[in-house]
Amino acid sequence: MQPSTNNNSELSIINCQLSILYEDNHLIAVNKTCRDIVQGDKTGDMPLSEKLKVWLKVKYNKPGNVFVGVTHRLDRPVSGVVLFAKTSKALARLNEMFRLGEVRKTYWAIVKNKPAADEGELVHWLVRNEKQNKSYAYDAERPNSKKAILHYRVIARSENYYLLEIDLKTGRHHQIRCQLSKMGCPIKGDLKYGFPRSNRDGGISLHARKAELIHPVSKQALTIVAPVPDDPLWRALSMHPSAL
């Protein structure tokens with residue numbers, strides 16, 4: 001049985017929108033763009049999880065529903081690695097791994113202001129404002145706050161910008177965006193956290209560069225790297241020897 005013309009047309013459209021970084025029987029990883037949402041929201045836009053279901057259904061000529069489990073999320077304006085589960089076994093195990101902090105995620109961020117030090121650890125207490133969909137960072141614990149820790153280092157610089165590599169120690173709402181802004185280094189394009197101008201593509205210059213984990217089923221070490229967005233500044237900074 002051959003896929004229908006309509007399905008092929010739908011697949012060709014989605015193929016143009018998806019960049020598959022890794023796939024096996026249990027996992028699939030996508031390089032998300034700043035235009036994508038991971039799960040459905042009030043915008044009604046088709047999320048990555050649904051695009052993947054269509055892609056898998058047509059690619060493998062699957063009858064019935066296709067399983068795609070969401071294991072973690074990235075903010076809409078952020079690009080980079082997103083992991084999905086293709087089986088319920090992988091989903092349950094990945095959820096537990098994320099809960100225990102066993103998936104290491106490395107981010108890259110472009111900032112205009114020079115950090116006070118080329119490398120350091122940021123420790124803040126974050127309070128989330130649900131109505132504003134924004135978090136606020138404080139130097140001391142406050143009511144309803146959550147401790148947020150990240151390590152950063154400058155890995156490249158241009159005449160006007162700095163590329164930071166960030167190792168998240170905790171996973172809080174808008175953590176990187178909020179903490180870098182608190183440090184005086186808002187991410188390029190991030191109007192919500194203090195950068196004065198938006199990026200042309202509507203995103204912000206924060207990229208989930210790498211995910212490292214032990215495969216939840218095969219138990220093999222797995223490293224998934226997402227190429228940076230197709231943008232002159234990203235390309236220039238990512239070619240710096242420290243970033244390679």
# chains A, B, ... in the order shown; residues from 1 in each chain; ligands from 1
$ residues_around --residues "A:Val78" --least-positions-apart "3" --cutoff "12 Å" --atoms "only C-alpha atoms" --output "PyMOL selection string"
chain A and resi 31-38+73-75+81-82+107-110+174+176-177+187-190+199+201-209+228-229
$ residues_around --residues "A:Ile155" --least-positions-apart "5" --cutoff "7 Å" --atoms "only C-alpha atoms" --output "list in words"
Leu163, Leu164, Glu165, Ser242 and Ala243 of chain A
$ residues_around --residues "stretch 83-97 of chain A" --least-positions-apart "4" --cutoff "12 Å" --atoms "only C-alpha atoms" --output "NGL selection string"
:A and (20-32 or 38-39 or 48-53 or 56-57 or 65-74 or 101-105 or 208 or 210-219 or 222-226)
$ closest_residue --among "A:Ala137, A:Leu126, A:Met239, A:Leu100" --to "A:Ser181" --atoms "only C-alpha atoms"
A:Ala137
$ closest_residue --among "A:Ala221, A:Leu18, A:Val154, A:Ile149" --to "A:Lys112" --atoms "only C-alpha atoms"
A:Val154
$ atom_distance --atom1 "atom CA of A:Arg99" --atom2 "atom CA of A:Asp139"
25.3 Å
$ select_by_dssp --residues "stretch 9-184 of chain A" --states "helix (DSSP H, G or I)" --output "PyMOL selection string"
chain A and resi 9-17+48-59+88-100+175-182
$ write_last_selection --atoms "N, CA and C atoms" --output "CSV table (one decimal), in the first residue's frame"
chain,number,residue,atom,x,y,z
A,9,SER,N,2.1,15.0,0.0
A,9,SER,CA,2.2,16.5,0.0
A,9,SER,C,2.4,17.0,1.4
A,10,GLU,N,1.7,16.5,2.4
A,10,GLU,CA,1.8,16.9,3.8
A,10,GLU,C,3.2,16.6,4.3
A,11,LEU,N,3.7,15.4,3.9
A,11,LEU,CA,5.1,15.0,4.4
A,11,LEU,C,6.1,16.0,3.8
A,12,SER,N,6.0,16.3,2.5
A,12,SER,CA,7.0,17.2,1.9
A,12,SER,C,7.0,18.6,2.5
A,13,ILE,N,5.8,19.1,2.9
A,13,ILE,CA,5.8,20.3,3.6
A,13,ILE,C,6.5,20.2,5.0
A,14,ILE,N,6.2,19.2,5.7
A,14,ILE,CA,6.8,19.0,7.1
A,14,ILE,C,8.3,18.7,7.0
A,15,ASN,N,8.7,18.0,5.9
A,15,ASN,CA,10.1,17.7,5.7
A,15,ASN,C,10.9,19.0,5.6
A,16,CYS,N,10.3,20.1,5.0
A,16,CYS,CA,10.9,21.3,4.9
A,16,CYS,C,11.1,22.1,6.2
A,17,GLN,N,10.2,21.6,7.2
A,17,GLN,CA,10.2,22.3,8.5
A,17,GLN,C,10.9,21.6,9.5
A,48,LEU,N,5.6,20.7,17.2
A,48,LEU,CA,6.5,19.7,16.7
A,48,LEU,C,6.1,18.3,17.0
A,49,SER,N,5.5,18.0,18.1
A,49,SER,CA,5.0,16.7,18.4
A,49,SER,C,4.0,16.2,17.4
A,50,GLU,N,3.1,17.0,16.9
A,50,GLU,CA,2.2,16.6,15.8
A,50,GLU,C,2.8,16.5,14.5
A,51,LYS,N,3.8,17.4,14.2
A,51,LYS,CA,4.5,17.3,12.9
A,51,LYS,C,5.3,16.0,12.8
A,52,LEU,N,5.8,15.6,14.0
A,52,LEU,CA,6.6,14.3,14.0
A,52,LEU,C,5.6,13.1,13.8
A,53,LYS,N,4.4,13.2,14.3
A,53,LYS,CA,3.5,12.1,14.1
A,53,LYS,C,3.2,11.9,12.7
A,54,VAL,N,2.9,13.0,12.0
A,54,VAL,CA,2.7,13.0,10.5
A,54,VAL,C,3.9,12.4,9.8
A,55,TRP,N,5.0,12.9,10.1
A,55,TRP,CA,6.3,12.5,9.4
A,55,TRP,C,6.5,11.0,9.6
A,56,LEU,N,6.4,10.5,10.8
A,56,LEU,CA,6.6,9.1,11.1
A,56,LEU,C,5.5,8.2,10.5
A,57,LYS,N,4.3,8.7,10.5
A,57,LYS,CA,3.2,7.9,9.9
A,57,LYS,C,3.4,7.7,8.4
A,58,VAL,N,3.8,8.8,7.7
A,58,VAL,CA,4.0,8.7,6.3
A,58,VAL,C,5.3,8.0,5.9
A,59,LYS,N,6.4,8.3,6.6
A,59,LYS,CA,7.7,7.7,6.3
A,59,LYS,C,7.6,6.2,6.5
A,88,SER,N,6.4,4.1,24.7
A,88,SER,CA,6.0,4.5,26.0
A,88,SER,C,7.1,4.1,27.0
A,89,LYS,N,7.8,3.0,26.7
A,89,LYS,CA,8.9,2.6,27.6
A,89,LYS,C,10.0,3.7,27.6
A,90,ALA,N,10.3,4.2,26.5
A,90,ALA,CA,11.4,5.3,26.4
A,90,ALA,C,10.9,6.6,27.1
A,91,LEU,N,9.6,6.9,26.9
A,91,LEU,CA,9.0,8.1,27.5
A,91,LEU,C,9.1,8.0,29.0
A,92,ALA,N,8.7,6.9,29.6
A,92,ALA,CA,8.7,6.8,31.1
A,92,ALA,C,10.1,6.9,31.6
A,93,ARG,N,11.1,6.2,30.9
A,93,ARG,CA,12.5,6.3,31.4
A,93,ARG,C,13.1,7.6,31.2
A,94,LEU,N,12.8,8.3,30.1
A,94,LEU,CA,13.3,9.6,29.8
A,94,LEU,C,12.8,10.7,30.8
A,95,ASN,N,11.5,10.5,31.1
A,95,ASN,CA,10.9,11.4,32.1
A,95,ASN,C,11.6,11.3,33.5
A,96,GLU,N,11.9,10.1,33.8
A,96,GLU,CA,12.6,9.9,35.1
A,96,GLU,C,14.0,10.4,35.0
A,97,MET,N,14.7,10.3,33.9
A,97,MET,CA,16.1,10.8,33.7
A,97,MET,C,16.1,12.3,33.8
A,98,PHE,N,15.1,12.9,33.2
A,98,PHE,CA,15.1,14.4,33.3
A,98,PHE,C,14.8,14.8,34.7
A,99,ARG,N,13.9,14.1,35.4
A,99,ARG,CA,13.6,14.5,36.8
A,99,ARG,C,14.8,14.4,37.7
A,100,LEU,N,15.6,13.4,37.4
A,100,LEU,CA,16.8,13.2,38.2
A,100,LEU,C,18.0,14.0,37.8
A,175,GLN,N,15.0,30.2,33.0
A,175,GLN,CA,16.2,30.4,33.9
A,175,GLN,C,17.3,31.1,33.2
A,176,ILE,N,17.8,30.6,32.1
A,176,ILE,CA,19.0,31.2,31.4
A,176,ILE,C,18.7,32.7,31.0
A,177,ARG,N,17.5,32.9,30.5
A,177,ARG,CA,17.1,34.3,30.1
A,177,ARG,C,17.1,35.2,31.3
A,178,CYS,N,16.5,34.8,32.3
A,178,CYS,CA,16.4,35.6,33.5
A,178,CYS,C,17.7,35.8,34.2
A,179,GLN,N,18.5,34.8,34.4
A,179,GLN,CA,19.8,34.9,35.1
A,179,GLN,C,20.8,35.7,34.3
A,180,LEU,N,20.9,35.5,33.0
A,180,LEU,CA,21.8,36.4,32.3
A,180,LEU,C,21.4,37.8,32.3
A,181,SER,N,20.1,38.1,32.2
A,181,SER,CA,19.6,39.5,32.3
A,181,SER,C,20.0,40.1,33.7
A,182,LYS,N,19.8,39.3,34.7
A,182,LYS,CA,20.2,39.8,36.1
A,182,LYS,C,21.7,40.1,36.2
$ closest_residue --among "A:Arg235, A:Lys134, A:Arg142, A:Lys192" --to "A:Arg157" --atoms "only C-alpha atoms"
A:Arg235
$ residues_around --residues "A:Val127" --least-positions-apart "5" --cutoff "7 Å" --atoms "only C-alpha atoms" --output "list in words"
Ser135, Tyr136, Ala137, Asn144, Ser145 and Lys146 of chain A
$ atom_distance --atom1 "atom CA of A:Ser198" --atom2 "atom CA of A:Ala148"
25.9 Å
$ select_by_dssp --residues "stretch 11-167 of chain A" --states "strand (DSSP E)" --output "ChimeraX atom specification"
/A:20-23,27-32,69-70,79-85,104-111,119-129,134-138,146-157,162-167
$ write_last_selection --atoms "C-alpha atoms" --output "short mmCIF file (atom, residue, chain, number, x, y, z; two decimals), in the first residue's frame"
data_model
loop_
_atom_site.label_atom_id
_atom_site.label_comp_id
_atom_site.auth_asym_id
_atom_site.auth_seq_id
_atom_site.Cartn_x
_atom_site.Cartn_y
_atom_site.Cartn_z
CA ILE A 20 16.04 15.42 12.33
CA LEU A 21 19.25 15.12 14.36
CA TYR A 22 18.89 11.53 15.57
CA GLU A 23 16.44 8.65 15.28
CA LEU A 27 14.04 8.15 20.34
CA ILE A 28 13.90 10.96 17.84
CA ALA A 29 15.63 14.33 18.21
CA VAL A 30 14.81 17.49 16.28
CA ASN A 31 16.67 20.77 15.80
CA LYS A 32 13.87 23.14 16.76
CA GLY A 69 5.96 11.47 23.69
CA VAL A 70 7.14 14.91 24.82
CA SER A 79 16.22 26.97 19.00
CA GLY A 80 18.08 23.68 19.32
CA VAL A 81 17.88 20.05 20.45
CA VAL A 82 14.50 18.65 21.51
CA LEU A 83 14.16 14.97 22.42
CA PHE A 84 10.97 12.98 21.83
CA ALA A 85 10.13 9.39 22.74
CA ARG A 104 22.94 17.04 30.45
CA LYS A 105 21.91 19.99 28.30
CA THR A 106 24.40 22.57 27.04
CA TYR A 107 23.18 25.90 25.70
CA TRP A 108 24.78 28.67 23.68
CA ALA A 109 23.69 32.29 24.08
CA ILE A 110 24.74 35.47 22.28
CA VAL A 111 24.93 38.61 24.44
CA GLU A 119 33.63 32.25 33.42
CA GLY A 120 31.50 31.86 36.50
CA GLU A 121 28.57 30.34 38.35
CA LEU A 122 25.30 32.21 38.78
CA VAL A 123 23.12 31.45 41.80
CA HIS A 124 19.78 33.23 42.15
CA TRP A 125 16.32 32.71 43.58
CA LEU A 126 13.68 32.90 40.86
CA VAL A 127 10.06 33.95 41.33
CA ARG A 128 7.69 33.19 38.47
CA ASN A 129 4.93 35.63 37.53
CA LYS A 134 8.14 35.96 33.23
CA SER A 135 10.55 35.13 36.04
CA TYR A 136 12.40 37.53 38.33
CA ALA A 137 15.82 36.80 39.85
CA TYR A 138 16.83 37.73 43.40
CA LYS A 146 13.15 28.49 43.55
CA LYS A 147 16.93 28.24 43.60
CA ALA A 148 18.51 28.50 40.14
CA ILE A 149 22.11 27.61 39.33
CA LEU A 150 24.02 27.73 36.05
CA HIS A 151 27.64 27.82 34.96
CA TYR A 152 28.71 29.97 32.01
CA ARG A 153 31.90 30.68 30.12
CA VAL A 154 32.74 32.95 27.20
CA ILE A 155 33.77 30.75 24.27
CA ALA A 156 33.86 33.30 21.42
CA ARG A 157 33.61 37.00 20.78
CA TYR A 162 29.96 37.47 23.07
CA LEU A 163 29.05 33.78 22.77
CA LEU A 164 28.45 32.09 26.11
CA GLU A 165 28.31 28.35 26.74
CA ILE A 166 25.91 27.50 29.55
CA ASP A 167 25.70 24.38 31.67
#
$ closest_residue --among "A:Leu168, A:Ala116, A:Leu191, A:Met183" --to "A:Pro77" --atoms "only C-alpha atoms"
A:Leu191
